[in-house]
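Take a look at the structure below.
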Amino acid sequence: MENASKALIIAGAILLAILIITLGILVFNQAKGVIDGNAMSDIEIQQFNAKFTQYEGTRVRGATVNSMLQTVLANNTSVDDDNRKVEVKFENSVVMSKSSSSMPTTKANTGAIYEVACEYSDNGGNKGLVTSINVKKK
């Protein structure tokens, strides 16, 4: 009977140790995002990118490009983190930098057709985040 009670005490201690280790791992994983410099989750990155990838395409009207410029401006003025700001390039020339606080003087001709392509971050905790948008006239 004495051996059975010692076995139950040892089993309880093992279960308690497993519980403490599991809690430690959970706390570590939650703090990991803060340590990585405010890294975004995959879902947050998809939601962020969706604001801009909806404008991507090879036959985009100028009015849609101008709407995209307004979306980028709204994003850049509403976020504080420079990693979450987007720049816009027309024919590889920057028309809206990440620090822009007003609409660019270069706008798309509403009747023209453009090709719009997003560039994505390939480093840091926000890998896959849209960092710039390239616009080329067709």
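In the structure tokens, the first chain shown is A, the next is B, and so on; residue numbers restart at 1 for each chain, and ligands run from 1 in the order shown.
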In chain A, DSSP helix (DSSP H, G or I) residues written as a compact mmCIF listing (two decimals) with N, CA and C atoms, in the first residue's frame:
```
# COMPACT_ATOMS: atom_id res chain seq x y z
N GLU A 2 1.99 1.15 0.67
CA GLU A 2 2.91 2.29 0.76
C GLU A 2 3.51 2.60 -0.60
N ASN A 3 3.83 1.58 -1.40
CA ASN A 3 4.39 1.78 -2.73
C ASN A 3 3.38 2.42 -3.68
N ALA A 4 2.11 2.07 -3.54
CA ALA A 4 1.07 2.62 -4.39
C ALA A 4 0.89 4.12 -4.13
N SER A 5 0.94 4.53 -2.87
CA SER A 5 0.78 5.96 -2.56
C SER A 5 1.99 6.76 -3.07
N LYS A 6 3.20 6.19 -2.98
CA LYS A 6 4.38 6.87 -3.52
C LYS A 6 4.29 6.98 -5.04
N ALA A 7 3.76 5.97 -5.68
CA ALA A 7 3.61 5.99 -7.14
C ALA A 7 2.62 7.07 -7.56
N LEU A 8 1.53 7.23 -6.81
CA LEU A 8 0.56 8.28 -7.11
C LEU A 8 1.16 9.67 -6.90
N ILE A 9 1.97 9.83 -5.88
CA ILE A 9 2.63 11.12 -5.63
C ILE A 9 3.61 11.45 -6.76
N ILE A 10 4.36 10.47 -7.20
CA ILE A 10 5.31 10.67 -8.30
C ILE A 10 4.56 10.99 -9.59
N ALA A 11 3.47 10.29 -9.87
CA ALA A 11 2.68 10.56 -11.07
C ALA A 11 2.10 11.97 -11.03
N GLY A 12 1.62 12.40 -9.88
CA GLY A 12 1.10 13.76 -9.73
C GLY A 12 2.17 14.80 -9.95
N ALA A 13 3.36 14.54 -9.43
CA ALA A 13 4.47 15.48 -9.62
C ALA A 13 4.86 15.58 -11.09
N ILE A 14 4.85 14.46 -11.80
CA ILE A 14 5.17 14.46 -13.23
C ILE A 14 4.12 15.27 -14.01
N LEU A 15 2.85 15.05 -13.70
CA LEU A 15 1.78 15.81 -14.38
C LEU A 15 1.90 17.31 -14.10
N LEU A 16 2.22 17.66 -12.88
CA LEU A 16 2.40 19.06 -12.52
C LEU A 16 3.58 19.67 -13.27
N ALA A 17 4.67 18.93 -13.41
CA ALA A 17 5.84 19.41 -14.15
C ALA A 17 5.50 19.63 -15.62
N ILE A 18 4.73 18.71 -16.22
CA ILE A 18 4.32 18.85 -17.62
C ILE A 18 3.44 20.09 -17.79
N LEU A 19 2.55 20.33 -16.87
CA LEU A 19 1.68 21.50 -16.91
C LEU A 19 2.50 22.79 -16.83
N ILE A 20 3.48 22.85 -15.96
CA ILE A 20 4.32 24.05 -15.83
C ILE A 20 5.14 24.28 -17.09
N ILE A 21 5.68 23.23 -17.66
CA ILE A 21 6.45 23.36 -18.91
C ILE A 21 5.56 23.84 -20.05
N THR A 22 4.35 23.32 -20.15
CA THR A 22 3.41 23.74 -21.19
C THR A 22 3.06 25.21 -21.05
N LEU A 23 2.79 25.66 -19.84
CA LEU A 23 2.49 27.08 -19.61
C LEU A 23 3.68 27.96 -19.99
N GLY A 24 4.88 27.51 -19.68
CA GLY A 24 6.08 28.26 -20.05
C GLY A 24 6.22 28.41 -21.55
N ILE A 25 5.93 27.35 -22.29
CA ILE A 25 6.01 27.40 -23.76
C ILE A 25 4.95 28.36 -24.31
N LEU A 26 3.74 28.34 -23.77
CA LEU A 26 2.68 29.24 -24.22
C LEU A 26 3.07 30.70 -24.00
N VAL A 27 3.60 31.01 -22.84
CA VAL A 27 4.02 32.38 -22.53
C VAL A 27 5.15 32.81 -23.47
N PHE A 28 6.08 31.92 -23.73
CA PHE A 28 7.20 32.23 -24.63
C PHE A 28 6.69 32.53 -26.03
N ASN A 29 5.76 31.73 -26.55
CA ASN A 29 5.24 31.95 -27.91
C ASN A 29 4.46 33.25 -28.02
N GLN A 30 3.75 33.64 -26.98
CA GLN A 30 3.02 34.90 -27.01
C GLN A 30 3.98 36.08 -26.96
N ALA A 31 5.05 35.96 -26.22
CA ALA A 31 6.02 37.06 -26.12
C ALA A 31 6.93 37.13 -27.34
N LYS A 32 6.97 36.09 -28.13
CA LYS A 32 7.86 36.03 -29.29
C LYS A 32 7.56 37.15 -30.29
N GLY A 33 6.29 37.47 -30.51
CA GLY A 33 5.91 38.54 -31.43
C GLY A 33 6.47 39.89 -31.00
N VAL A 34 6.48 40.15 -29.72
CA VAL A 34 7.03 41.41 -29.21
C VAL A 34 8.55 41.43 -29.38
N ILE A 35 9.18 40.30 -29.13
CA ILE A 35 10.63 40.21 -29.27
C ILE A 35 11.05 40.39 -30.72
N ASP A 42 0.13 35.73 -39.82
CA ASP A 42 -0.19 35.50 -41.24
C ASP A 42 -1.54 36.09 -41.61
N ILE A 43 -2.50 35.99 -40.72
CA ILE A 43 -3.84 36.53 -40.99
C ILE A 43 -3.79 38.05 -41.06
N GLU A 44 -3.05 38.69 -40.16
CA GLU A 44 -2.92 40.14 -40.19
C GLU A 44 -2.24 40.61 -41.48
N ILE A 45 -1.23 39.86 -41.93
CA ILE A 45 -0.54 40.21 -43.17
C ILE A 45 -1.50 40.08 -44.35
N GLN A 46 -2.31 39.02 -44.39
CA GLN A 46 -3.28 38.84 -45.47
C GLN A 46 -4.30 39.97 -45.49
N GLN A 47 -4.78 40.36 -44.31
CA GLN A 47 -5.76 41.44 -44.23
C GLN A 47 -5.14 42.77 -44.68
N PHE A 48 -3.90 43.02 -44.27
CA PHE A 48 -3.22 44.24 -44.66
C PHE A 48 -3.02 44.27 -46.17
N ASN A 49 -2.52 43.16 -46.73
CA ASN A 49 -2.24 43.08 -48.17
C ASN A 49 -3.50 43.18 -49.01
N ALA A 50 -4.63 42.70 -48.51
CA ALA A 50 -5.88 42.71 -49.27
C ALA A 50 -6.29 44.12 -49.66
N LYS A 51 -5.93 45.11 -48.85
CA LYS A 51 -6.26 46.50 -49.17
C LYS A 51 -5.61 46.94 -50.47
N PHE A 52 -4.45 46.35 -50.80
CA PHE A 52 -3.69 46.80 -51.95
C PHE A 52 -3.71 45.81 -53.11
N THR A 53 -3.75 44.52 -52.82
CA THR A 53 -3.71 43.52 -53.88
C THR A 53 -4.99 43.52 -54.72
N GLY A 62 -7.36 53.90 -65.10
CA GLY A 62 -6.74 55.01 -64.40
C GLY A 62 -7.53 55.45 -63.18
N ALA A 63 -8.86 55.41 -63.26
CA ALA A 63 -9.70 55.79 -62.12
C ALA A 63 -9.46 54.85 -60.95
N THR A 64 -9.24 53.58 -61.24
CA THR A 64 -8.96 52.59 -60.19
C THR A 64 -7.59 52.86 -59.58
N VAL A 65 -6.62 53.25 -60.40
CA VAL A 65 -5.29 53.59 -59.90
C VAL A 65 -5.38 54.79 -58.97
N ASN A 66 -6.18 55.80 -59.33
CA ASN A 66 -6.34 56.97 -58.46
C ASN A 66 -7.01 56.59 -57.15
N SER A 67 -7.93 55.65 -57.20
CA SER A 67 -8.56 55.15 -55.97
C SER A 67 -7.53 54.43 -55.10
N MET A 68 -6.63 53.69 -55.74
CA MET A 68 -5.56 53.00 -55.01
C MET A 68 -4.64 54.02 -54.32
N LEU A 69 -4.36 55.14 -55.00
CA LEU A 69 -3.53 56.18 -54.40
C LEU A 69 -4.18 56.72 -53.11
N GLN A 70 -5.49 56.89 -53.14
CA GLN A 70 -6.20 57.36 -51.94
C GLN A 70 -6.13 56.32 -50.82
N THR A 71 -6.22 55.05 -51.17
CA THR A 71 -6.13 53.98 -50.18
C THR A 71 -4.74 53.96 -49.55
N VAL A 72 -3.70 54.10 -50.37
CA VAL A 72 -2.33 54.11 -49.85
C VAL A 72 -2.12 55.32 -48.94
N LEU A 73 -2.62 56.49 -49.35
CA LEU A 73 -2.48 57.69 -48.53
C LEU A 73 -3.18 57.51 -47.18
N ALA A 74 -4.39 56.95 -47.20
CA ALA A 74 -5.13 56.72 -45.95
C ALA A 74 -4.36 55.76 -45.05
N ASN A 75 -3.79 54.71 -45.64
CA ASN A 75 -3.01 53.76 -44.85
C ASN A 75 -1.79 54.43 -44.23
N ASN A 76 -1.03 55.16 -45.04
CA ASN A 76 0.22 55.75 -44.57
C ASN A 76 0.01 56.82 -43.50
N THR A 77 -1.11 57.51 -43.56
CA THR A 77 -1.36 58.53 -42.53
C THR A 77 -1.96 57.94 -41.26
N SER A 78 -2.50 56.72 -41.35
CA SER A 78 -3.14 56.13 -40.16
C SER A 78 -2.23 55.21 -39.35
N ASP A 82 6.72 52.46 -39.72
CA ASP A 82 7.18 52.64 -41.10
C ASP A 82 7.18 51.34 -41.88
N ASN A 83 7.28 50.19 -41.20
CA ASN A 83 7.25 48.90 -41.89
C ASN A 83 5.88 48.62 -42.50
N ARG A 84 4.85 49.30 -42.02
CA ARG A 84 3.49 49.07 -42.51
C ARG A 84 3.03 50.16 -43.47
```
For Lys137 of chain A, list every protein, DNA or RNA residue within 7 Å, evaluated using only C-alpha atoms, and leave out those in the same chain fewer than 5 positions away; present the list as a list in words.
-> Ile113, Tyr114 and Glu115 of chain A
For Glu119 of chain A, the nearest of the candidates A:Gly57, A:Lys98, A:Val86, A:Lys107, counting only C-alpha atoms =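 Using only C-alpha atoms, the shortest distance to Glu119 of chain A belongs to A:Val86.
Note that the spacing between atom CA of Arg61 of chain A and atom CA of Val79 of chain A amounts to 27.5 Å.
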Please, which residues of segment 5-136 of chain A, numbered as in this document, come out strand (DSSP E) from DSSP, as an MDAnalysis selection string?
-> chainID A and resid 57:61 87:90 93:96 113:120 130:136
Test item: residues at most 10 Å from Ser121 of chain A, only C-alpha atoms, excluding those fewer than 2 positions along its chain, as a VMD selection string = chain A and resid 83 119 123 to 132
Write the selection just made, keeping all heavy atoms, as a PDB file, in the first residue's frame?
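The resulting file, part.pdb, is reproduced below:
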```
ATOM      1  N   ASN A  83       7.278  50.192 -41.203  1.00  0.00           N
ATOM      2  CA  ASN A  83       7.246  48.904 -41.890  1.00  0.00           C
ATOM      3  C   ASN A  83       5.877  48.617 -42.498  1.00  0.00           C
ATOM      4  O   ASN A  83       5.753  47.774 -43.379  1.00  0.00           O
ATOM      5  CB  ASN A  83       7.621  47.771 -40.936  1.00  0.00           C
ATOM      6  CG  ASN A  83       9.059  47.852 -40.499  1.00  0.00           C
ATOM      7  OD1 ASN A  83       9.924  48.295 -41.245  1.00  0.00           O
ATOM      8  ND2 ASN A  83       9.328  47.441 -39.270  1.00  0.00           N
ATOM      9  N   GLU A 119       4.978  44.854 -54.578  1.00  0.00           N
ATOM     10  CA  GLU A 119       6.236  44.261 -54.130  1.00  0.00           C
ATOM     11  C   GLU A 119       6.088  43.944 -52.647  1.00  0.00           C
ATOM     12  O   GLU A 119       5.474  44.705 -51.911  1.00  0.00           O
ATOM     13  CB  GLU A 119       7.404  45.218 -54.340  1.00  0.00           C
ATOM     14  CG  GLU A 119       7.768  45.428 -55.787  1.00  0.00           C
ATOM     15  CD  GLU A 119       8.970  46.347 -55.955  1.00  0.00           C
ATOM     16  OE1 GLU A 119       9.633  46.667 -54.943  1.00  0.00           O
ATOM     17  OE2 GLU A 119       9.233  46.746 -57.091  1.00  0.00           O
ATOM     18  N   ASN A 123      12.046  40.229 -45.581  1.00  0.00           N
ATOM     19  CA  ASN A 123      12.841  40.066 -44.369  1.00  0.00           C
ATOM     20  C   ASN A 123      12.053  40.507 -43.140  1.00  0.00           C
ATOM     21  O   ASN A 123      11.016  41.117 -43.248  1.00  0.00           O
ATOM     22  CB  ASN A 123      14.142  40.876 -44.470  1.00  0.00           C
ATOM     23  CG  ASN A 123      13.891  42.359 -44.684  1.00  0.00           C
ATOM     24  OD1 ASN A 123      12.772  42.837 -44.587  1.00  0.00           O
ATOM     25  ND2 ASN A 123      14.927  43.087 -44.987  1.00  0.00           N
ATOM     26  N   GLY A 124      12.587  40.184 -41.995  1.00  0.00           N
ATOM     27  CA  GLY A 124      11.997  40.597 -40.724  1.00  0.00           C
ATOM     28  C   GLY A 124      10.757  39.824 -40.345  1.00  0.00           C
ATOM     29  O   GLY A 124      10.383  38.840 -40.970  1.00  0.00           O
ATOM     30  N   GLY A 125      10.090  40.302 -39.294  1.00  0.00           N
ATOM     31  CA  GLY A 125       8.903  39.636 -38.779  1.00  0.00           C
ATOM     32  C   GLY A 125       7.682  39.841 -39.645  1.00  0.00           C
ATOM     33  O   GLY A 125       6.685  39.170 -39.464  1.00  0.00           O
ATOM     34  N   ASN A 126       7.747  40.786 -40.589  1.00  0.00           N
ATOM     35  CA  ASN A 126       6.607  41.058 -41.457  1.00  0.00           C
ATOM     36  C   ASN A 126       6.867  40.597 -42.881  1.00  0.00           C
ATOM     37  O   ASN A 126       6.530  41.274 -43.842  1.00  0.00           O
ATOM     38  CB  ASN A 126       6.280  42.556 -41.422  1.00  0.00           C
ATOM     39  CG  ASN A 126       5.862  42.999 -40.048  1.00  0.00           C
ATOM     40  OD1 ASN A 126       5.303  42.231 -39.281  1.00  0.00           O
ATOM     41  ND2 ASN A 126       6.147  44.228 -39.704  1.00  0.00           N
ATOM     42  N   LYS A 127       7.469  39.450 -43.026  1.00  0.00           N
ATOM     43  CA  LYS A 127       7.789  38.900 -44.341  1.00  0.00           C
ATOM     44  C   LYS A 127       6.499  38.653 -45.118  1.00  0.00           C
ATOM     45  O   LYS A 127       5.563  38.069 -44.592  1.00  0.00           O
ATOM     46  CB  LYS A 127       8.571  37.598 -44.184  1.00  0.00           C
ATOM     47  CG  LYS A 127       9.089  37.047 -45.475  1.00  0.00           C
ATOM     48  CD  LYS A 127       9.972  35.844 -45.245  1.00  0.00           C
ATOM     49  CE  LYS A 127      10.557  35.372 -46.559  1.00  0.00           C
ATOM     50  NZ  LYS A 127      11.486  34.274 -46.372  1.00  0.00           N
ATOM     51  N   GLY A 128       6.462  39.126 -46.372  1.00  0.00           N
ATOM     52  CA  GLY A 128       5.282  38.955 -47.200  1.00  0.00           C
ATOM     53  C   GLY A 128       4.355  40.149 -47.185  1.00  0.00           C
ATOM     54  O   GLY A 128       3.309  40.148 -47.828  1.00  0.00           O
ATOM     55  N   LEU A 129       4.714  41.212 -46.493  1.00  0.00           N
ATOM     56  CA  LEU A 129       3.905  42.420 -46.384  1.00  0.00           C
ATOM     57  C   LEU A 129       4.143  43.306 -47.607  1.00  0.00           C
ATOM     58  O   LEU A 129       5.277  43.459 -48.055  1.00  0.00           O
ATOM     59  CB  LEU A 129       4.304  43.164 -45.115  1.00  0.00           C
ATOM     60  CG  LEU A 129       3.331  44.165 -44.531  1.00  0.00           C
ATOM     61  CD1 LEU A 129       2.093  43.442 -44.022  1.00  0.00           C
ATOM     62  CD2 LEU A 129       3.974  44.914 -43.385  1.00  0.00           C
ATOM     63  N   VAL A 130       3.090  43.907 -48.165  1.00  0.00           N
ATOM     64  CA  VAL A 130       3.240  44.807 -49.299  1.00  0.00           C
ATOM     65  C   VAL A 130       4.046  46.023 -48.852  1.00  0.00           C
ATOM     66  O   VAL A 130       3.715  46.673 -47.856  1.00  0.00           O
ATOM     67  CB  VAL A 130       1.866  45.255 -49.843  1.00  0.00           C
ATOM     68  CG1 VAL A 130       2.018  46.349 -50.885  1.00  0.00           C
ATOM     69  CG2 VAL A 130       1.097  44.099 -50.422  1.00  0.00           C
ATOM     70  N   THR A 131       5.143  46.318 -49.579  1.00  0.00           N
ATOM     71  CA  THR A 131       5.975  47.475 -49.249  1.00  0.00           C
ATOM     72  C   THR A 131       5.917  48.566 -50.298  1.00  0.00           C
ATOM     73  O   THR A 131       6.088  49.734 -49.979  1.00  0.00           O
ATOM     74  CB  THR A 131       7.457  47.060 -49.078  1.00  0.00           C
ATOM     75  OG1 THR A 131       7.895  46.422 -50.267  1.00  0.00           O
ATOM     76  CG2 THR A 131       7.625  46.133 -47.883  1.00  0.00           C
ATOM     77  N   SER A 132       5.661  48.190 -51.543  1.00  0.00           N
ATOM     78  CA  SER A 132       5.528  49.198 -52.589  1.00  0.00           C
ATOM     79  C   SER A 132       4.634  48.664 -53.714  1.00  0.00           C
ATOM     80  O   SER A 132       4.449  47.462 -53.860  1.00  0.00           O
ATOM     81  CB  SER A 132       6.891  49.613 -53.143  1.00  0.00           C
ATOM     82  OG  SER A 132       7.473  48.554 -53.851  1.00  0.00           O
TER      83      SER A 132
END
```
Straight-line distance linking atom CA of Val60 of chain A with atom CA of Ile133 of chain A, stated in Å to one decimal |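 Taking atom CA of Val60 of chain A as the start and atom CA of Ile133 of chain A as the end point, the length is 13.1 Å.
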Atom-to-atom span, atom CA of Arg59 of chain A and atom CA of Lys138 of chain A, Å |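 These atoms are spaced 7.9 Å apart.
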Using only C-alpha atoms, determine which residues lie at most 10 Å from Thr106 of chain A, disregarding the query and same-chain residues fewer than 6 positions distant; provide the list as a PyMOL selection string.
-> chain A and resi 66+90+94-96
Restricting the output to N, CA and C atoms, write the selected residues as a short mmCIF file (atom, residue, chain, number, x, y, z; two decimals), in the first residue's frame.
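Resulting contents of out36.cif:
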```
data_model
loop_
_atom_site.label_atom_id
_atom_site.label_comp_id
_atom_site.auth_asym_id
_atom_site.auth_seq_id
_atom_site.Cartn_x
_atom_site.Cartn_y
_atom_site.Cartn_z
N ASN A 66 -6.18 55.80 -59.33
CA ASN A 66 -6.34 56.97 -58.46
C ASN A 66 -7.01 56.59 -57.15
N PHE A 90 5.42 55.24 -60.16
CA PHE A 90 4.94 55.30 -61.53
C PHE A 90 6.16 55.17 -62.43
N VAL A 94 9.38 57.15 -57.79
CA VAL A 94 8.53 57.25 -56.60
C VAL A 94 7.67 58.51 -56.67
N VAL A 95 6.35 58.33 -56.64
CA VAL A 95 5.43 59.46 -56.64
C VAL A 95 4.77 59.65 -55.27
N MET A 96 4.77 58.59 -54.47
CA MET A 96 4.24 58.69 -53.11
C MET A 96 5.15 57.88 -52.20
#
```
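Between Met40 of chain A and the candidates A:Ser97, A:Asp81, A:Glu56, A:Ala108, the tightest atom-to-atom separation, counting only C-alpha atoms, involves A:Asp81.
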